[in-house]
Protein chains: 4
Amino acid sequence: MTPSKETTVDTSAPTDAGLLAPAWAGTPAAELVGDEAWLRTMLEVEVALARAQARLGLVPASAVSAIERAAASGLDLAGLAARARESANPVVGLVQALAAAVAAEEEAAAEFVHRGGTSQDILDSAAMLIAVRVLAVVDEDLRRLATSLAELAERHRADPMPGRTLTQHAVPITFGLKAAGWLNLVLDARDRLAHLAEIGLPAQLGGAAGTLSSYAEYGGAALPGGVTDLLPVFAAEVGLRDPVLPWHTARAPVADLAALLTFIAGALGKIALDVQGLARTEVAEVAEPAAAGRGASSAMPQKVNPVLSTLVVTAARQVPLYATVLAQSMLAEDERAAGAWHAEWQPLRECLRLVGGAAHTAAELAEGLVVHPDRMRANLGASGGAIVAERLTAVLAPVLGRAPAKALLARLSAEAAAGAGGFGDLLRAAPEVAEVLDPATVIELLDPERYLGASQALVDRALKRYVNSAR
Amino acid sequence: MTPSKETTVDTSAPTDAGLLAPAWAGTPAAELVGDEAWLRTMLEVEVALARAQARLGLVPASAVSAIERAAASGLDLAGLAARARESANPVVGLVQALAAAVAAEEEAAAEFVHRGGTSQDILDSAAMLIAVRVLAVVDEDLRRLATSLAELAERHRADPMPGRTLTQHAVPITFGLKAAGWLNLVLDARDRLAHLAEIGLPAQLGGAAGTLSSYAEYGGAALPGGVTDLLPVFAAEVGLRDPVLPWHTARAPVADLAALLTFIAGALGKIALDVQGLARTEVAEVAEPAAAGRGASSAMPQKVNPVLSTLVVTAARQVPLYATVLAQSMLAEDERAAGAWHAEWQPLRECLRLVGGAAHTAAELAEGLVVHPDRMRANLGASGGAIVAERLTAVLAPVLGRAPAKALLARLSAEAAAGAGGFGDLLRAAPEVAEVLDPATVIELLDPERYLGASQALVDRALKRYVNSAR
Amino acid sequence: MTPSKETTVDTSAPTDAGLLAPAWAGTPAAELVGDEAWLRTMLEVEVALARAQARLGLVPASAVSAIERAAASGLDLAGLAARARESANPVVGLVQALAAAVAAEEEAAAEFVHRGGTSQDILDSAAMLIAVRVLAVVDEDLRRLATSLAELAERHRADPMPGRTLTQHAVPITFGLKAAGWLNLVLDARDRLAHLAEIGLPAQLGGAAGTLSSYAEYGGAALPGGVTDLLPVFAAEVGLRDPVLPWHTARAPVADLAALLTFIAGALGKIALDVQGLARTEVAEVAEPAAAGRGASSAMPQKVNPVLSTLVVTAARQVPLYATVLAQSMLAEDERAAGAWHAEWQPLRECLRLVGGAAHTAAELAEGLVVHPDRMRANLGASGGAIVAERLTAVLAPVLGRAPAKALLARLSAEAAAGAGGFGDLLRAAPEVAEVLDPATVIELLDPERYLGASQALVDRALKRYVNSAR
Amino acid sequence: MTPSKETTVDTSAPTDAGLLAPAWAGTPAAELVGDEAWLRTMLEVEVALARAQARLGLVPASAVSAIERAAASGLDLAGLAARARESANPVVGLVQALAAAVAAEEEAAAEFVHRGGTSQDILDSAAMLIAVRVLAVVDEDLRRLATSLAELAERHRADPMPGRTLTQHAVPITFGLKAAGWLNLVLDARDRLAHLAEIGLPAQLGGAAGTLSSYAEYGGAALPGGVTDLLPVFAAEVGLRDPVLPWHTARAPVADLAALLTFIAGALGKIALDVQGLARTEVAEVAEPAAAGRGASSAMPQKVNPVLSTLVVTAARQVPLYATVLAQSMLAEDERAAGAWHAEWQPLRECLRLVGGAAHTAAELAEGLVVHPDRMRANLGASGGAIVAERLTAVLAPVLGRAPAKALLARLSAEAAAGAGGFGDLLRAAPEVAEVLDPATVIELLDPERYLGASQALVDRALKRYVNSAR
């Protein structure tokens, strides 16, 4: 069953359409988690519950049909939102509205609506279903992203650029290695997503206090294996994992989602942060993919802002905090918590769509990333060779002694920074050096492209993992 | 000018109507911060900017009128939300749409739309305006709440109940003292709100990088005091404080709001948490105000859930984390941050409406709180007098020695807990006690109502503050 | 090699000994993560680096011996702490001190100290080693905890007690089911711990910017497979996983630890929170294990505070926030971050010891938990049968109609709560009921012990999982 | 009284000396909040309590002297830390140890130790005292910082540099304006600190459940104004504000500290983040103050890492999360919370020393900041004039039309970025421009130093505030 999208929206009530959320507005995840989707999915769970009970002979098939039809016709969203205040959750009102809609069709069927159910069975199952759907979309975008990053790693495996640590040029790396690092992190994210998919997000079914007593009372106790027979059947019907126990106040699935979404947001955020750094005016080693009007400023015509990476970074700054609300919901007392559960819904939804938006945006970013190897080489050379001072230490230490070698190189790079000349020139001019190294050797040692370490071998390690993961 | 509410909503786009947010859905704050409100307020700021420039002779009056009319006719919300992705903020699209609407009315006026402005000038000023409006509503609800709590403190100043520490009965208190403690915290919250109102939330006006150069270029440089003359005029027009400097990446006002909203949420949450504890089935010292259908369970007819306190607790669990996103936005680099600013909007909005909803709900809760002094007395007596063991130590220590006295009382209370008899009876029967205290004294000492310490004097201290604050 | 514990402590410098951290002070994890342990472990990593290079022929065996001896003799902790300010990390000073100590023994060996290494290689590897060690201790305590909880679940599988939702009695459960819920959550925690152990925490080795160039320069480039040969050898030597790539700014392992530690803290916190609720004076269904002096109050001799659960809850309130710092460290720019990395150390350490302390404490709590089935039964009966109103609805709905049945039962329970009589008595007296149900049936229906749903079957599901996990 | 520093440290217990915390190790705040300081301050509070009671005639003067002497002789820190596990707080053990020490001196005095007190009275009062002391140090460092920033703002008021928004050059600013923005934020921080100092951090005094009943029992009830007379006397003796009510579970002071410390950390972090951005190798507009060895790399001799700003950023990344634990402690149930209170101590201490360290470090950074105006000018010119495209739009719009003008300038800047020539040259060569502007005008318009807007006037606004604040 696919409940219809014709949900009524009372446009006089305040609504959010994503005006303040460019990080996800207009991306595929947004539609999967909006209020309309949440309402549809809760109705879907109510239908699944009736179907599961029907499969076990506890509910007549005709009632299921009536419930399906009523669910498909939609309910008044804003009205339900307003009524949720009475019971602190939207399900009580939804059940009443659904039962009324069913009764209007077929009075006898109404009593089978939500039969034996508790609000949390419906809302939690719907939340898990929605999470599964968003994660599928996210994983596809992560796959696209990984593909693009693997291509970047391969293409630029040997393109040198400055490695930067604590904001300063350190030693040379290649852009391929940087892309391989991003790729590896995305593969980490996909592995964690796959692991959670493998565990499976569970259906929720427990009744009022997790004993299934209401389901038992409505005939479930007479099932061959007792009312717990209902668990796998409902889980299958709703398309989720059969839980060991009801988890009304054992919020492992929510904590798992929090951790996963935080991880993905962090991985994407790392990439975007690096892109922003490399796109800075003075660095200019990469640029975001051009698109008509994108990144334009209303006042400054020369501006092309790194909009995509900004959207990803914005998501990555928010998700860990929303996810903390979710993690803290593990501190849920008794058989149903008076506040912790209710605090999950908005941050869970926001995490899902922020991560969905970020993955979509990151894929677009990587697919069109403009790389400027020439600029990388230019920046690499800007220090006149000081970027390979580490190597020179290693070479000079055996002949000059380690401490004197370091002191010499530190002094020369400070003089170069102060404007006394190019580092390489000062080095060649230094008598201590001239005594022990011939000029050709110095020139060779000063070449950043000859001090790339294992950059390419490391690219290969990441690509090997990528190829294996893509099988 | 009050821009009209006739904002077009594209109902095919996903929208949120508060289905997952009973903590604020249907409360007054919700309407003040929805996307429609945000859009209207941004238009209001654009109008204020034109008016301010007009007052200084930089924009013709006719253009202002055209801009006012266009702003009042509203814009396509969902369309703007979708377009925000292009520039990572909703203002660029808003300005284009507004300019088009103005041009349709009066072509020459269009160039005066957003003249010299930058997106952040508009969005930040709108955010501050919205915050001011929500805080006014919140303060009124806090005032109502304080009034109710003062009445509770006065009425129940002498009604004894168990004081509880680390989950256990400690020594007696009065319910009036508990209410006075809640009241004092609410007065703390109002003081902090008043202090922020006194500082004043600032208008934002800086142009592209905070130098006002664009405003200067459009004639502002020629003003008598230079373009900074525009600052106080715009601030007055928009109804906000004149800032010392543009604060594009100096986010003091946002951090201040974060702190204030966290404080209020915490104060309300403390009250709600206590109500929940006192409403537990076994305690039953207070009950939430009855309302038809409120707190009902779909399956358990005996249930009256403490819905109002649950809504408040839920808000109080979320706000500190959203507010942390805001506090972290102080780490904003350069003249405009590439992500930190964008991360503020959703959590700021959510904090505002959660606190707005919580204050409204808490006022309703306090106004109708049902107090059961009889039950308090019954619970107080349940330990058979062990609740005043602290007092007995003080009395017996001088005669028995401090350590032996404590050991005796600990032993007797453990025996009572193990079912050997009432604590008072065991005490009277203990030969060490009988030797030094006559039975009448023991009975008097065992009376919890005679061991209330300074409860009433402390109630007076809080009420005195309340009376002073209410002047 | 086991570096000695004889680290010098300058007692004039301020030190922390756990005075403000009863949640971990005195538990096994504390010793594994203190400054002394961190220092020892960093020295251990330096030794492992020398050994790994020696195994590949890059460092002479005699140098390794000298480094081992110097490392075993310890370094001045407070001095290193003070010097860390110069370079923003403790490794630079440690390397200098270690090299000096080695030189004092055997001058030629000093140049092989930290050869090719970068600070982050040492500190990250040490952090992972420490995490591995703490997790081993945590897992053992979780195992003990699971064993105790399985016993509780089995022993009390049929002991009825009130199920509580939103602070109110809902329907009956058994204490065995509650313990089974705790057990299942602990098994979830162990699974997640086992999964991370299976992935393996990685060694860190990358050199200045993650290219291994320095290691290559010191001979590594000449290895058969190039300098990347060093990765698996070092990883084996230090006892960690061989990483695909250096992860200086790809903080997956740190994010994984943050997620795992948050999960465990939440699972333990849930159990402790429930214990606190059940131990409340008015509920008194469980008590913490007695121990001389534990939980005593300095002034109130009757008090036995639930100290163990308080310690666990305290940890569970802190860990998610410290872990958020760790999760946010994924936003690490370039090849080494200027602040994000440095922000990890303290919160990682604190998370590790808080979780270590909490697991240890929870095991002690569960092993000695005192359960009072009589009190559970008494509380269950306190509502006079209203706790089974859900069941009565199911029975009466077919004869009275669902809505009238619910209304009747809601009215009767409200009357009972208002003091009009016992719920059961009112029920039997109600003419609508008397007409359709004979008194004996009513009495049977009112028995909470006959409305336990699938409590026992659910206990079996959890125990089955436990048995499988324990194999 | 100043309790001695001769606290015994058991060096076999694990201790922290700041090895992982270069952000505060070795700064003045560190010593004020270590375990030794905490222990001393709790003893100081015990002494103040005895003195206050003595002033009211409730405790004999000779007992006070004995308590002072015992407090001054110190206690075993590690032993107390270990014993804190028994009662979940360090005060119970401290009181026992102190009483024993007093008894050893003068047996009769021991009963006056902690007379009527509860653990939370001591620990909370000590925490507030420590906070007051750290804030005094912080404020002095903020004052130093403001002075340096005011000098920088004045000195560089007219030194132009690129304004940067979303990582890209936007329009010119002056370095003086940037420093003025930092200054203004520091003044905001000082204002908030001064406001909290004006409110005053309160003493804690309530007895077991906040009724002062124990203090009343020990004679306080007979005081002229009743036992509440003790409140102002104790507050004066301990040097804190007289609270309206005991605040055992009304955590306003803790929430206030959390907000203040977060604000200061954020303000300092913003400055440090900007310094890091300006110090990047490619930008190089500022450098950190040189100091022998500081910022050096163990392997890369050319490196001078921005260590001071990194230490500040590190603090700013941690504080908001620790402070969130504190804010969440407002959710404290009953008369004393079973976990929330205990969760405050470590994060409060860590926030205090991180902010103390950051303020100290930021002052050192600003005092020695090396500014390179030449490099700023060079970077400003790097875009060949495109940085003033906003101005050119304003000039060309009236003649070419706004949209065509913007399109032209966007095209030219894109061509310049693509290497087709300098932006200024392309502009002068554009026929549309040549038609309407003479070459000299174009050259003048292209000069970034003539498009600084109100930079200097804004500097004056901030300096005026600074001068007023410094009076």
# chains A, B, ... in the order shown; residues from 1 in each chain; ligands from 1
$ interface_residues --of "chain C" --to "chain A" --cutoff "6 Å" --atoms "only C-alpha atoms" --output "list of chain:residue names"
C:Gly163, C:Arg164, C:Thr165, C:Leu166, C:Ala209, C:Thr211, C:Leu212, C:Ser213, C:Ala259, C:Gly266, C:Gly269, C:Lys270, C:Asp274, C:Met330, C:Leu331, C:Glu333, C:Asp334, C:Glu335, C:Arg336, C:Ala337, C:Ala338, C:Gly453, C:Ala454, C:Ser455
$ select_by_dssp --residues "region 154-255 of chain C" --states "alpha helix (DSSP H)" --output "PyMOL selection string"
chain C and resi 154-155+175-199+213-217+230-238+252-255
$ write_last_selection --atoms "N, CA and C atoms" --output "tab-separated table (two decimals), in the first residue's frame"
chain	number	residue	atom	x	y	z
C	154	GLU	N	15.99	-14.38	34.96
C	154	GLU	CA	15.53	-15.74	35.16
C	154	GLU	C	14.79	-15.88	36.51
C	155	ARG	N	15.42	-15.36	37.55
C	155	ARG	CA	14.88	-15.53	38.89
C	155	ARG	C	13.53	-14.83	39.07
C	175	PHE	N	9.27	-8.24	36.90
C	175	PHE	CA	10.61	-7.69	37.10
C	175	PHE	C	11.61	-8.42	36.21
C	176	GLY	N	11.33	-9.68	35.97
C	176	GLY	CA	12.19	-10.42	35.04
C	176	GLY	C	12.23	-9.77	33.67
C	177	LEU	N	11.10	-9.29	33.20
C	177	LEU	CA	11.08	-8.63	31.89
C	177	LEU	C	11.89	-7.34	31.93
C	178	LYS	N	11.77	-6.61	33.05
C	178	LYS	CA	12.57	-5.39	33.16
C	178	LYS	C	14.05	-5.74	33.11
C	179	ALA	N	14.45	-6.73	33.87
C	179	ALA	CA	15.86	-7.13	33.87
C	179	ALA	C	16.28	-7.63	32.49
C	180	ALA	N	15.36	-8.29	31.81
C	180	ALA	CA	15.66	-8.77	30.45
C	180	ALA	C	15.89	-7.60	29.51
C	181	GLY	N	15.13	-6.54	29.70
C	181	GLY	CA	15.32	-5.34	28.88
C	181	GLY	C	16.69	-4.72	29.12
C	182	TRP	N	17.09	-4.69	30.39
C	182	TRP	CA	18.44	-4.18	30.70
C	182	TRP	C	19.49	-5.09	30.06
C	183	LEU	N	19.30	-6.38	30.23
C	183	LEU	CA	20.25	-7.35	29.68
C	183	LEU	C	20.40	-7.17	28.17
C	184	ASN	N	19.28	-7.03	27.50
C	184	ASN	CA	19.31	-6.92	26.04
C	184	ASN	C	20.10	-5.69	25.62
C	185	LEU	N	19.97	-4.61	26.38
C	185	LEU	CA	20.70	-3.39	26.07
C	185	LEU	C	22.20	-3.58	26.31
C	186	VAL	N	22.53	-4.31	27.36
C	186	VAL	CA	23.95	-4.58	27.62
C	186	VAL	C	24.53	-5.48	26.53
C	187	LEU	N	23.72	-6.41	26.05
C	187	LEU	CA	24.20	-7.24	24.94
C	187	LEU	C	24.38	-6.39	23.68
C	188	ASP	N	23.48	-5.45	23.48
C	188	ASP	CA	23.67	-4.51	22.37
C	188	ASP	C	25.01	-3.78	22.52
C	189	ALA	N	25.29	-3.35	23.73
C	189	ALA	CA	26.55	-2.62	23.97
C	189	ALA	C	27.74	-3.52	23.69
C	190	ARG	N	27.67	-4.75	24.17
C	190	ARG	CA	28.80	-5.66	23.93
C	190	ARG	C	28.97	-5.96	22.44
C	191	ASP	N	27.86	-6.09	21.73
C	191	ASP	CA	27.96	-6.31	20.28
C	191	ASP	C	28.68	-5.15	19.60
C	192	ARG	N	28.32	-3.93	20.01
C	192	ARG	CA	28.95	-2.78	19.37
C	192	ARG	C	30.44	-2.70	19.73
C	193	LEU	N	30.74	-3.05	20.98
C	193	LEU	CA	32.15	-3.09	21.38
C	193	LEU	C	32.90	-4.15	20.56
C	194	ALA	N	32.27	-5.30	20.42
C	194	ALA	CA	32.92	-6.38	19.68
C	194	ALA	C	33.11	-5.99	18.21
C	195	HIS	N	32.14	-5.28	17.67
C	195	HIS	CA	32.27	-4.87	16.27
C	195	HIS	C	33.44	-3.91	16.09
C	196	LEU	N	33.61	-2.98	17.03
C	196	LEU	CA	34.74	-2.06	16.90
C	196	LEU	C	36.05	-2.81	17.10
C	197	ALA	N	36.04	-3.77	18.03
C	197	ALA	CA	37.25	-4.57	18.22
C	197	ALA	C	37.58	-5.35	16.96
C	198	GLU	N	36.54	-5.79	16.27
C	198	GLU	CA	36.73	-6.55	15.03
C	198	GLU	C	37.32	-5.65	13.93
C	199	ILE	N	36.75	-4.46	13.78
C	199	ILE	CA	37.35	-3.50	12.84
C	199	ILE	C	38.79	-3.25	13.27
C	213	SER	N	56.97	10.44	4.03
C	213	SER	CA	58.20	10.88	3.34
C	213	SER	C	59.41	10.85	4.27
C	214	SER	N	59.21	11.19	5.52
C	214	SER	CA	60.38	11.19	6.41
C	214	SER	C	60.86	9.77	6.66
C	215	TYR	N	59.90	8.87	6.85
C	215	TYR	CA	60.30	7.47	7.03
C	215	TYR	C	60.98	6.95	5.77
C	216	ALA	N	60.50	7.39	4.63
C	216	ALA	CA	61.12	6.99	3.36
C	216	ALA	C	62.54	7.52	3.28
C	217	GLU	N	62.71	8.78	3.67
C	217	GLU	CA	64.03	9.41	3.58
C	217	GLU	C	65.06	8.69	4.43
C	230	LEU	N	56.54	-0.36	6.14
C	230	LEU	CA	56.67	-0.04	7.56
C	230	LEU	C	55.32	-0.07	8.28
C	231	LEU	N	54.25	0.21	7.55
C	231	LEU	CA	52.94	0.30	8.19
C	231	LEU	C	52.54	-0.97	8.93
C	232	PRO	N	52.48	-2.13	8.24
C	232	PRO	CA	52.06	-3.34	8.97
C	232	PRO	C	53.04	-3.74	10.06
C	233	VAL	N	54.30	-3.50	9.85
C	233	VAL	CA	55.28	-3.91	10.85
C	233	VAL	C	55.13	-3.06	12.11
C	234	PHE	N	54.97	-1.77	11.92
C	234	PHE	CA	54.78	-0.91	13.09
C	234	PHE	C	53.47	-1.25	13.79
C	235	ALA	N	52.42	-1.47	12.98
C	235	ALA	CA	51.11	-1.79	13.57
C	235	ALA	C	51.21	-3.05	14.41
C	236	ALA	N	51.91	-4.05	13.90
C	236	ALA	CA	52.05	-5.30	14.65
C	236	ALA	C	52.85	-5.06	15.92
C	237	GLU	N	53.90	-4.28	15.78
C	237	GLU	CA	54.78	-4.04	16.93
C	237	GLU	C	54.03	-3.31	18.05
C	238	VAL	N	53.19	-2.38	17.65
C	238	VAL	CA	52.49	-1.58	18.66
C	238	VAL	C	51.17	-2.26	19.07
C	252	ALA	N	38.02	8.88	11.77
C	252	ALA	CA	37.06	7.79	11.95
C	252	ALA	C	37.25	7.03	13.26
C	253	PRO	N	38.47	6.67	13.62
C	253	PRO	CA	38.61	5.89	14.87
C	253	PRO	C	38.13	6.66	16.09
C	254	VAL	N	38.38	7.94	16.10
C	254	VAL	CA	37.95	8.76	17.24
C	254	VAL	C	36.43	8.87	17.26
C	255	ALA	N	35.84	9.07	16.10
C	255	ALA	CA	34.37	9.13	16.03
C	255	ALA	C	33.76	7.79	16.42
$ residues_around --residues "Leu396 (chain B)" --least-positions-apart "3" --cutoff "12 Å" --atoms "only C-alpha atoms" --output "PyMOL selection string"
(chain B and resi 389-393+399-409+427+432-437+441-442+445) or (chain D and resi 217)
$ write_last_selection --atoms "C-alpha atoms" --output "PDB file, in the first residue's frame"
ATOM      1  CA  ALA B 389      16.366  11.150  62.204  1.00  0.00           C
ATOM      2  CA  GLU B 390      18.634  14.134  61.535  1.00  0.00           C
ATOM      3  CA  ARG B 391      16.899  15.999  64.362  1.00  0.00           C
ATOM      4  CA  LEU B 392      17.110  13.037  66.687  1.00  0.00           C
ATOM      5  CA  THR B 393      20.846  12.879  66.098  1.00  0.00           C
ATOM      6  CA  VAL B 399      23.848  12.673  75.723  1.00  0.00           C
ATOM      7  CA  LEU B 400      24.897   9.530  73.873  1.00  0.00           C
ATOM      8  CA  GLY B 401      27.837  10.914  71.959  1.00  0.00           C
ATOM      9  CA  ARG B 402      27.575  11.790  68.326  1.00  0.00           C
ATOM     10  CA  ALA B 403      28.811   8.553  66.814  1.00  0.00           C
ATOM     11  CA  PRO B 404      26.788   6.232  69.082  1.00  0.00           C
ATOM     12  CA  ALA B 405      23.695   8.356  68.511  1.00  0.00           C
ATOM     13  CA  LYS B 406      24.060   8.125  64.728  1.00  0.00           C
ATOM     14  CA  ALA B 407      24.764   4.418  64.895  1.00  0.00           C
ATOM     15  CA  LEU B 408      21.682   3.799  67.008  1.00  0.00           C
ATOM     16  CA  LEU B 409      19.426   5.760  64.680  1.00  0.00           C
ATOM     17  CA  LEU B 427      12.846   4.341  68.945  1.00  0.00           C
ATOM     18  CA  GLU B 432      19.248   4.005  75.381  1.00  0.00           C
ATOM     19  CA  VAL B 433      16.528   6.443  74.342  1.00  0.00           C
ATOM     20  CA  ALA B 434      14.090   5.688  77.104  1.00  0.00           C
ATOM     21  CA  GLU B 435      16.805   6.453  79.608  1.00  0.00           C
ATOM     22  CA  VAL B 436      17.355   9.964  78.397  1.00  0.00           C
ATOM     23  CA  LEU B 437      14.094  11.139  76.823  1.00  0.00           C
ATOM     24  CA  THR B 441       9.346  14.382  74.141  1.00  0.00           C
ATOM     25  CA  VAL B 442      10.030  11.535  71.753  1.00  0.00           C
ATOM     26  CA  LEU B 445      10.481  15.078  68.292  1.00  0.00           C
TER      27      LEU B 445
ATOM     28  CA  GLU D 217      18.307  22.666  65.471  1.00  0.00           C
TER      29      GLU D 217
END
$ closest_residue --among "D:Gly381, D:Ala54, D:Leu94, D:Val102" --to "Ile67 (chain D)" --atoms "only C-alpha atoms"
D:Val102
$ atom_distance --atom1 "CA of Gln302 (chain D)" --atom2 "CA of Ala410 (chain A)"
5.1 Å
$ closest_residue --among "D:Glu31, D:Glu68, D:Glu364, D:Glu449" --to "Val312 (chain D)" --atoms "only C-alpha atoms"
D:Glu364
$ select_by_dssp --residues "region 278-394 of chain C" --states "strand (DSSP E)" --output "PyMOL selection string"
chain C and resi 286-287+370-371
$ atom_distance --atom1 "CA of Thr118 (chain C)" --atom2 "CA of Leu19 (chain D)"
17.6 Å
$ residues_around --residues "Ala70 (chain A)" --least-positions-apart "2" --cutoff "12 Å" --atoms "only C-alpha atoms" --output "VMD selection string"
chain A and resid 1 to 4 40 43 to 44 46 to 47 63 to 68 72 to 75 94 to 95 97 to 107 109 to 110 113
